$ cat run.tsv   # TSV, C-alpha atoms and all ligand atoms
chain	number	residue	atom	x	y	z
G	1	MET	CA	37.15	-52.42	-8.57
G	2	MET	CA	35.66	-54.31	-5.64
G	3	PRO	CA	31.97	-54.96	-6.04
G	4	THR	CA	31.45	-56.03	-2.45
G	5	ARG	CA	31.31	-52.59	-0.96
G	6	SER	CA	28.72	-50.05	-1.92
G	7	CYS	CA	30.53	-46.78	-1.47
G	8	VAL	CA	29.32	-43.43	-2.67
G	9	HIS	CA	31.50	-41.24	-4.83
G	10	PRO	CA	31.08	-37.67	-5.97
G	11	VAL	CA	30.94	-37.49	-9.70
G	12	GLY	CA	32.30	-35.27	-12.41
G	13	ARG	CA	32.38	-35.17	-16.16
G	14	ALA	CA	35.61	-36.25	-17.77
G	15	LEU	CA	36.75	-34.75	-21.02
G	16	GLY	CA	37.53	-37.58	-23.39
G	17	PRO	CA	40.21	-37.43	-26.06
G	18	LEU	CA	39.32	-37.09	-29.69
G	19	LEU	CA	37.55	-39.96	-31.36
G	20	LEU	CA	39.42	-40.71	-34.55
G	21	ALA	CA	36.41	-41.45	-36.66
G	22	VAL	CA	36.98	-43.33	-39.88
G	23	GLY	CA	35.69	-41.30	-42.77
G	24	LEU	CA	32.64	-42.56	-44.57
G	25	ALA	CA	32.11	-39.42	-46.57
G	26	ALA	CA	30.38	-39.67	-49.89
G	27	PRO	CA	29.26	-36.99	-52.33
G	28	LEU	CA	26.29	-35.07	-51.02
G	29	GLY	CA	22.98	-36.08	-52.49
G	30	GLY	CA	20.45	-34.76	-50.04
G	31	ARG	CA	16.91	-33.83	-50.87
G	32	ALA	CA	14.09	-32.53	-48.77
G	33	LEU	CA	11.06	-34.74	-48.25
G	34	ALA	CA	7.73	-33.88	-46.69
G	35	ALA	CA	7.10	-35.53	-43.32
G	36	PRO	CA	3.60	-36.19	-41.96
G	37	PRO	CA	2.54	-33.84	-39.16
G	38	SER	CA	2.71	-35.31	-35.67
G	39	ALA	CA	-0.65	-36.12	-34.08
G	40	ALA	CA	0.48	-36.05	-30.43
G	41	ALA	CA	-0.21	-32.81	-28.59
G	42	TRP	CA	2.68	-32.68	-26.12
G	43	SER	CA	5.56	-30.26	-26.38
G	44	TYR	CA	8.41	-28.79	-24.35
G	45	GLN	CA	6.82	-25.39	-23.75
G	46	GLY	CA	3.78	-23.79	-22.17
G	47	ALA	CA	0.37	-25.43	-21.78
G	48	THR	CA	1.50	-28.70	-23.37
G	49	GLY	CA	4.96	-28.66	-21.76
G	50	PRO	CA	6.54	-31.17	-19.32
G	51	ALA	CA	4.59	-30.00	-16.23
G	52	ARG	CA	1.31	-30.70	-18.05
G	53	TRP	CA	2.09	-33.91	-19.93
G	54	ALA	CA	0.09	-36.11	-17.53
G	55	ASP	CA	-2.99	-33.90	-18.10
G	56	LEU	CA	-2.90	-34.31	-21.86
G	57	SER	CA	-3.84	-37.99	-22.05
G	58	PRO	CA	-4.70	-40.82	-19.62
G	59	GLY	CA	-1.94	-42.73	-21.35
G	60	PHE	CA	0.58	-40.15	-20.11
G	61	ALA	CA	-0.25	-40.65	-16.39
G	62	ALA	CA	3.18	-42.09	-15.60
G	63	CYS	CA	4.70	-38.68	-16.41
G	64	ARG	CA	3.27	-37.59	-13.01
G	65	THR	CA	2.72	-40.80	-11.01
G	66	GLY	CA	5.82	-42.72	-12.06
G	67	GLN	CA	8.38	-43.23	-9.33
G	68	ARG	CA	11.32	-43.97	-11.65
G	69	GLN	CA	11.18	-41.06	-14.07
G	70	SER	CA	13.92	-39.61	-16.26
G	71	PRO	CA	16.03	-37.56	-16.58
G	72	ILE	CA	17.75	-37.25	-13.19
G	73	ASP	CA	20.44	-35.18	-11.52
G	74	ILE	CA	23.38	-37.51	-10.74
G	75	ARG	CA	25.14	-36.49	-7.55
G	76	THR	CA	26.32	-39.70	-5.88
G	77	VAL	CA	27.19	-43.01	-7.49
G	78	GLN	CA	28.01	-46.58	-6.51
G	79	PRO	CA	30.92	-48.23	-8.37
G	80	ILE	CA	30.26	-51.59	-10.02
G	81	PRO	CA	32.60	-53.82	-12.04
G	82	TYR	CA	33.09	-52.69	-15.62
G	83	GLU	CA	30.68	-54.28	-18.06
G	84	PRO	CA	31.49	-52.82	-21.48
G	85	LEU	CA	28.89	-51.41	-23.84
G	86	GLN	CA	29.47	-53.28	-27.08
G	87	PRO	CA	27.76	-51.53	-29.98
G	88	ARG	CA	27.68	-53.51	-33.23
G	89	TYR	CA	26.02	-50.93	-35.39
G	90	ARG	CA	25.70	-50.98	-39.16
G	91	SER	CA	26.51	-48.15	-41.53
G	92	GLN	CA	23.50	-46.64	-43.26
G	93	PRO	CA	22.49	-43.55	-45.21
G	94	LEU	CA	21.63	-40.39	-43.29
G	95	ASP	CA	17.83	-40.11	-43.18
G	96	ALA	CA	16.49	-37.62	-40.62
G	97	VAL	CA	13.17	-35.99	-39.83
G	98	ASN	CA	12.29	-32.90	-37.77
G	99	ASP	CA	9.00	-33.60	-35.96
G	100	GLY	CA	8.77	-30.19	-34.30
G	101	ARG	CA	9.96	-31.53	-30.92
G	102	GLY	CA	13.36	-32.66	-32.07
G	103	VAL	CA	15.26	-34.38	-34.84
G	104	ASN	CA	15.21	-38.12	-35.33
G	105	VAL	CA	17.78	-39.97	-37.38
G	106	LEU	CA	15.88	-42.94	-38.79
G	107	ILE	CA	17.61	-46.22	-38.03
G	108	GLN	CA	17.68	-49.17	-40.38
G	109	PRO	CA	17.35	-52.68	-38.87
G	110	GLY	CA	20.36	-54.76	-37.94
G	111	SER	CA	22.29	-52.65	-35.41
G	112	GLU	CA	22.85	-54.30	-32.06
G	113	LEU	CA	24.11	-53.31	-28.61
G	114	ARG	CA	25.42	-55.98	-26.24
G	115	VAL	CA	25.88	-55.40	-22.52
G	116	GLY	CA	26.80	-58.50	-20.57
G	117	ASP	CA	24.22	-61.15	-21.40
G	118	LEU	CA	21.76	-58.63	-22.81
G	119	SER	CA	21.32	-57.84	-26.47
G	120	TYR	CA	19.34	-54.87	-27.75
G	121	ASN	CA	18.46	-53.58	-31.20
G	122	LEU	CA	19.10	-49.92	-31.98
G	123	THR	CA	15.76	-48.38	-32.90
G	124	ALA	CA	16.16	-44.59	-32.74
G	125	LEU	CA	18.71	-41.78	-32.54
G	126	HIS	CA	17.79	-38.23	-31.56
G	127	PHE	CA	19.17	-35.08	-29.97
G	128	HIS	CA	18.37	-32.95	-26.92
G	129	VAL	CA	19.47	-29.36	-26.35
G	130	PRO	CA	20.54	-28.76	-23.66
G	131	GLY	CA	21.41	-32.21	-22.37
G	132	GLU	CA	18.72	-33.71	-20.15
G	133	THR	CA	20.97	-35.55	-17.69
G	134	LEU	CA	22.42	-33.36	-14.96
G	135	ILE	CA	25.76	-34.13	-13.31
G	136	ASN	CA	25.95	-32.24	-10.02
G	137	GLY	CA	23.27	-29.96	-11.36
G	138	VAL	CA	24.99	-29.23	-14.67
G	139	ALA	CA	23.74	-30.28	-18.11
G	140	ALA	CA	25.92	-30.97	-21.14
G	141	ALA	CA	25.47	-28.52	-24.02
G	142	ALA	CA	23.55	-31.24	-25.86
G	143	GLU	CA	22.99	-35.00	-25.82
G	144	ILE	CA	22.66	-37.80	-28.33
G	145	HIS	CA	20.15	-40.46	-27.27
G	146	LEU	CA	20.52	-43.94	-28.76
G	147	VAL	CA	17.31	-45.86	-28.04
G	148	HIS	CA	17.34	-49.66	-27.95
G	149	LEU	CA	14.80	-52.46	-27.54
G	150	ASP	CA	15.43	-56.10	-26.70
G	151	ARG	CA	13.42	-59.17	-27.70
G	152	ASP	CA	11.48	-59.14	-24.44
G	153	GLY	CA	10.36	-55.54	-24.85
G	154	ARG	CA	12.94	-53.99	-22.50
G	155	HIS	CA	14.28	-50.59	-23.44
G	156	ALA	CA	17.74	-49.12	-22.96
G	157	VAL	CA	18.96	-45.63	-23.82
G	158	VAL	CA	22.64	-44.78	-24.29
G	159	VAL	CA	23.40	-41.08	-23.75
G	160	VAL	CA	26.40	-39.45	-25.42
G	161	PRO	CA	27.01	-35.95	-24.01
G	162	ILE	CA	28.08	-33.24	-26.46
G	163	GLN	CA	30.28	-30.38	-25.29
G	164	PRO	CA	31.85	-27.50	-27.21
G	165	GLY	CA	35.50	-28.15	-27.92
G	166	PRO	CA	38.34	-27.98	-30.42
G	167	HIS	CA	38.33	-31.68	-31.39
G	168	PRO	CA	35.00	-32.29	-33.09
G	169	ASN	CA	33.68	-35.80	-33.58
G	170	SER	CA	33.72	-36.05	-37.37
G	171	ALA	CA	30.75	-38.41	-37.60
G	172	LEU	CA	28.72	-35.98	-35.52
G	173	VAL	CA	29.85	-33.08	-37.69
G	174	ARG	CA	28.62	-34.92	-40.76
G	175	ILE	CA	25.17	-35.38	-39.20
G	176	ALA	CA	24.87	-31.97	-37.50
G	177	GLU	CA	25.67	-30.09	-40.71
G	178	ARG	CA	22.71	-31.72	-42.42
G	179	LEU	CA	19.98	-31.96	-39.76
G	180	PRO	CA	16.61	-30.65	-41.00
G	181	LEU	CA	15.97	-27.31	-39.30
G	182	ARG	CA	12.24	-26.83	-39.92
G	183	ALA	CA	9.39	-28.73	-38.29
G	184	GLY	CA	8.03	-31.25	-40.75
G	185	GLU	CA	11.20	-31.31	-42.83
G	186	ARG	CA	12.91	-34.56	-43.73
G	187	VAL	CA	16.30	-35.06	-45.38
G	188	ASN	CA	17.54	-38.24	-46.99
G	189	TYR	CA	21.17	-38.40	-48.08
G	190	ARG	CA	21.36	-41.71	-49.85
G	191	GLN	CA	25.02	-41.28	-50.72
G	192	LEU	CA	26.12	-40.25	-47.22
G	193	GLY	CA	27.08	-43.11	-44.92
G	194	ILE	CA	26.80	-42.74	-41.17
G	195	ASN	CA	27.44	-45.19	-38.36
G	196	ALA	CA	26.26	-44.43	-34.83
G	197	LEU	CA	29.21	-46.46	-33.54
G	198	LEU	CA	31.44	-43.53	-34.49
G	199	LEU	CA	29.47	-41.23	-32.19
G	200	PHE	CA	30.85	-42.98	-29.09
G	201	PRO	CA	33.78	-41.35	-27.28
G	202	PRO	CA	36.85	-43.58	-26.89
G	203	ASP	CA	36.35	-43.66	-23.13
G	204	ARG	CA	33.20	-45.69	-22.60
G	205	GLY	CA	32.81	-45.57	-18.85
G	206	TYR	CA	29.22	-44.84	-17.93
G	207	TYR	CA	26.62	-44.18	-15.28
G	208	ARG	CA	23.68	-46.61	-15.15
G	209	TYR	CA	20.29	-46.28	-13.52
G	210	THR	CA	16.70	-47.40	-14.01
G	211	GLY	CA	14.37	-44.70	-15.27
G	212	SER	CA	11.71	-44.04	-17.86
G	213	PHE	CA	11.25	-42.57	-21.28
G	214	ALA	CA	11.87	-38.86	-20.78
G	215	ASN	CA	8.88	-37.91	-22.92
G	216	PRO	CA	5.27	-39.07	-23.09
G	217	PRO	CA	4.10	-41.68	-22.31
G	218	CYS	CA	7.02	-41.66	-19.79
G	219	SER	CA	6.91	-45.50	-19.61
G	220	GLU	CA	8.98	-47.36	-17.02
G	221	PRO	CA	11.33	-49.12	-16.79
G	222	VAL	CA	14.09	-47.99	-19.12
G	223	THR	CA	17.74	-48.75	-18.42
G	224	TRP	CA	19.88	-45.64	-18.93
G	225	PHE	CA	23.58	-45.78	-19.78
G	226	ILE	CA	25.07	-42.27	-19.64
G	227	LEU	CA	28.59	-42.05	-20.97
G	228	ALA	CA	30.83	-40.14	-18.59
G	229	ALA	CA	33.01	-38.65	-21.35
G	230	PRO	CA	31.53	-36.32	-23.96
G	231	VAL	CA	32.20	-35.97	-27.65
G	232	GLU	CA	33.15	-32.52	-28.83
G	233	LEU	CA	31.58	-30.30	-31.44
G	234	ALA	CA	32.14	-26.70	-32.55
G	235	PRO	CA	29.81	-24.24	-30.81
G	236	GLU	CA	28.38	-23.22	-34.19
G	237	LEU	CA	27.24	-26.77	-34.89
G	238	ILE	CA	25.82	-27.20	-31.39
G	239	GLY	CA	23.88	-24.03	-32.20
G	240	ARG	CA	22.67	-25.63	-35.42
G	241	ILE	CA	21.39	-28.68	-33.50
G	242	ALA	CA	19.69	-26.28	-31.08
G	243	ARG	CA	17.94	-24.54	-33.96
G	244	ALA	CA	16.73	-27.91	-35.23
G	245	THR	CA	15.46	-29.17	-31.85
G	246	GLY	CA	14.19	-25.85	-30.51
G	247	GLY	CA	15.07	-26.65	-26.88
G	248	ASN	CA	13.77	-30.05	-25.80
G	249	ALA	CA	15.04	-31.03	-22.35
G	250	ARG	CA	12.65	-32.36	-19.70
G	251	PRO	CA	13.58	-31.08	-16.21
G	252	ALA	CA	15.25	-33.49	-13.79
G	253	GLN	CA	12.85	-35.82	-11.95
G	254	PRO	CA	12.94	-37.01	-8.32
G	255	LEU	CA	15.40	-39.82	-7.71
G	256	ASN	CA	13.15	-41.48	-5.08
G	257	GLY	CA	16.03	-43.42	-3.59
G	258	ARG	CA	17.18	-45.06	-6.80
G	259	PRO	CA	20.83	-46.03	-6.89
G	260	VAL	CA	23.03	-44.72	-9.70
G	261	PHE	CA	25.91	-47.01	-10.59
G	262	VAL	CA	29.18	-46.10	-12.25
G	263	SER	CA	31.04	-48.59	-14.42
G	264	LEU	CA	34.53	-47.54	-15.49
G	265	PRO	CA	37.10	-49.49	-17.55
G	266	HIS	CA	39.96	-49.22	-15.06
S	301	ZN	ZN	15.73	-38.61	-25.75

$ encode --input "run.tsv" --output "C-alpha cells" --more "lines below"
Ligand SMILES: [Zn+2]
Amino acid sequence: MMPTRSCVHPVGRALGPLLLAVGLAAPLGGRALAAPPSAAAWSYQGATGPARWADLSPGFAACRTGQRQSPIDIRTVQPIPYEPLQPRYRSQPLDAVNDGRGVNVLIQPGSELRVGDLSYNLTALHFHVPGETLINGVAAAAEIHLVHLDRDGRHAVVVVPIQPGPHPNSALVRIAERLPLRAGERVNYRQLGINALLLFPPDRGYYRYTGSFANPPCSEPVTWFILAAPVELAPELIGRIARATGGNARPAQPLNGRPVFVSLPH
C-alpha cells in the first residue's frame, strides 16, 4: 500500500475466520474472594455517569476539556503501511475482579506488545458491553480492551471486538464462563491457564488513532489500536459478560479533526 497519498476510505467491519486457540484447559479450581470496594464515585449511569464525570473531581477535567477523547465513531480512514501488532504475552492463571463498573482480568508482569520500534507491557484486560468504538455509527456487541504502558509512561489500548457467531473463540469462552457477576466479587482459578494472545483474531489489521482513556480521569494521549476483525462468542456468553459489566460504554466523543489510520496486512 502506498504511503505517499493520504486517501480516505469508507470503513466496514470484516468477519474474521475462527481462531484455532490452543487449549490450556486445566481442572477447575475457582474460589470466590472478597474485593475491596472502589473509592471512586464515577459510574456509567445517572448523576455520576459519563456526562457528569468532569464535575465529579478536578482531576477528571479532561473528560470535558480534552480535545482527543475516546471512544470515537470511525467513518473515514487513511491507509498506512502495515506495521504488525506483535503480542508476546505470557500464560497465567485466571484472576478476575468485578469492581461494579466492569470486570478486570488481573495481569501478571512479563507480557509485552511490540509495534514497530515501540514496546509496551500489558497491564490490564477488561470488557465493555456494548463495544465503545463505533464503526459507521455501529458498535460491536462487546469489546475486550488490552491496556499497555511503555517505559516512558505512554499508554496503548488494543481493542478486540466481540460479535455473536457460530465459531466461538475458545480462550474467550473459558474466561467468559467464569467472570465474576456481582460487584465486589473476585474469582481466582489457579489451575486455569489463560493467555491474552489467544484472544486475538487471526486477521490483525487495525485502525489506529490518538485518543484518551475512555473513563476518568480521561487522560490523553493514548494510542488506540482497534482490530478490524472481531472474535466470535455465543450470544448467551455475550449476555453473561453483559450481566457482569452492567453496561459500561462511554458515548462517542468528538473527533476534532483527528486522523484515523488503517493498517492492513495485504
Ligand atoms: Zn476500556

$ closest_atom_pairs --input "run.tsv" --of "chain G" --to "ligand ZN 301 (chain S)" --cutoff "7 Å" --atoms "all atoms listed in the file" --output "Markdown table"
| residue | atom | partner | partner_atom | distance |
| --- | --- | --- | --- | --- |
| G:His126 | CA | S:ZN301 | ZN | 6.2 |
| G:Phe127 | CA | S:ZN301 | ZN | 6.5 |
| G:His128 | CA | S:ZN301 | ZN | 6.4 |
| G:His145 | CA | S:ZN301 | ZN | 5.0 |
| G:Ala214 | CA | S:ZN301 | ZN | 6.3 |

$ atom_distance --input "run.tsv" --atom1 "CA of Tyr207 in chain G" --atom2 "CA of Thr223 in chain G"
10.5 Å

$ atom_distance --input "run.tsv" --atom1 "CA of Val173 in chain G" --atom2 "CA of Ala249 in chain G"
21.4 Å

$ closest_residue --input "run.tsv" --among "G:Leu118, G:Ala54, G:Ile226, G:Val262" --to "Gly131 in chain G" --atoms "all atoms listed in the file"
G:Ile226

$ atom_distance --input "run.tsv" --atom1 "CA of Arg64 in chain G" --atom2 "CA of Pro221 in chain G"
14.6 Å

$ axis_aligned_box --input "run.tsv" --around "range 247-259 of chain G" --padding-each-side "3 Å" --output "JSON"
{"center_x": 16.7, "center_y": -36.3, "center_z": -15.2, "size_x": 14.2, "size_y": 25.4, "size_z": 29.3}

$ closest_residue --input "run.tsv" --among "G:Leu233, G:Ala156, G:Ile241, G:Gly137" --to "Ile72 in chain G" --atoms "only C-alpha atoms"
G:Gly137

$ closest_residue --input "run.tsv" --among "G:Ile194, G:Val231, G:Val97, G:Leu85" --to "Ile144 in chain G" --atoms "all atoms listed in the file"
G:Val231

$ closest_residue --input "run.tsv" --among "G:Gly239, G:Pro230, G:Gly66, G:Gly102" --to "Tyr206 in chain G" --atoms "only C-alpha atoms"
G:Pro230

$ residues_around --input "run.tsv" --residues "Leu106 in chain G" --least-positions-apart "3" --cutoff "10 Å" --atoms "all atoms listed in the file" --output "list of chain:residue names"
G:Gln92, G:Pro93, G:Leu94, G:Asp95, G:Ala96, G:Val97, G:Val103, G:Pro109, G:Thr123, G:Ala124, G:Leu125, G:His126, G:Asn188
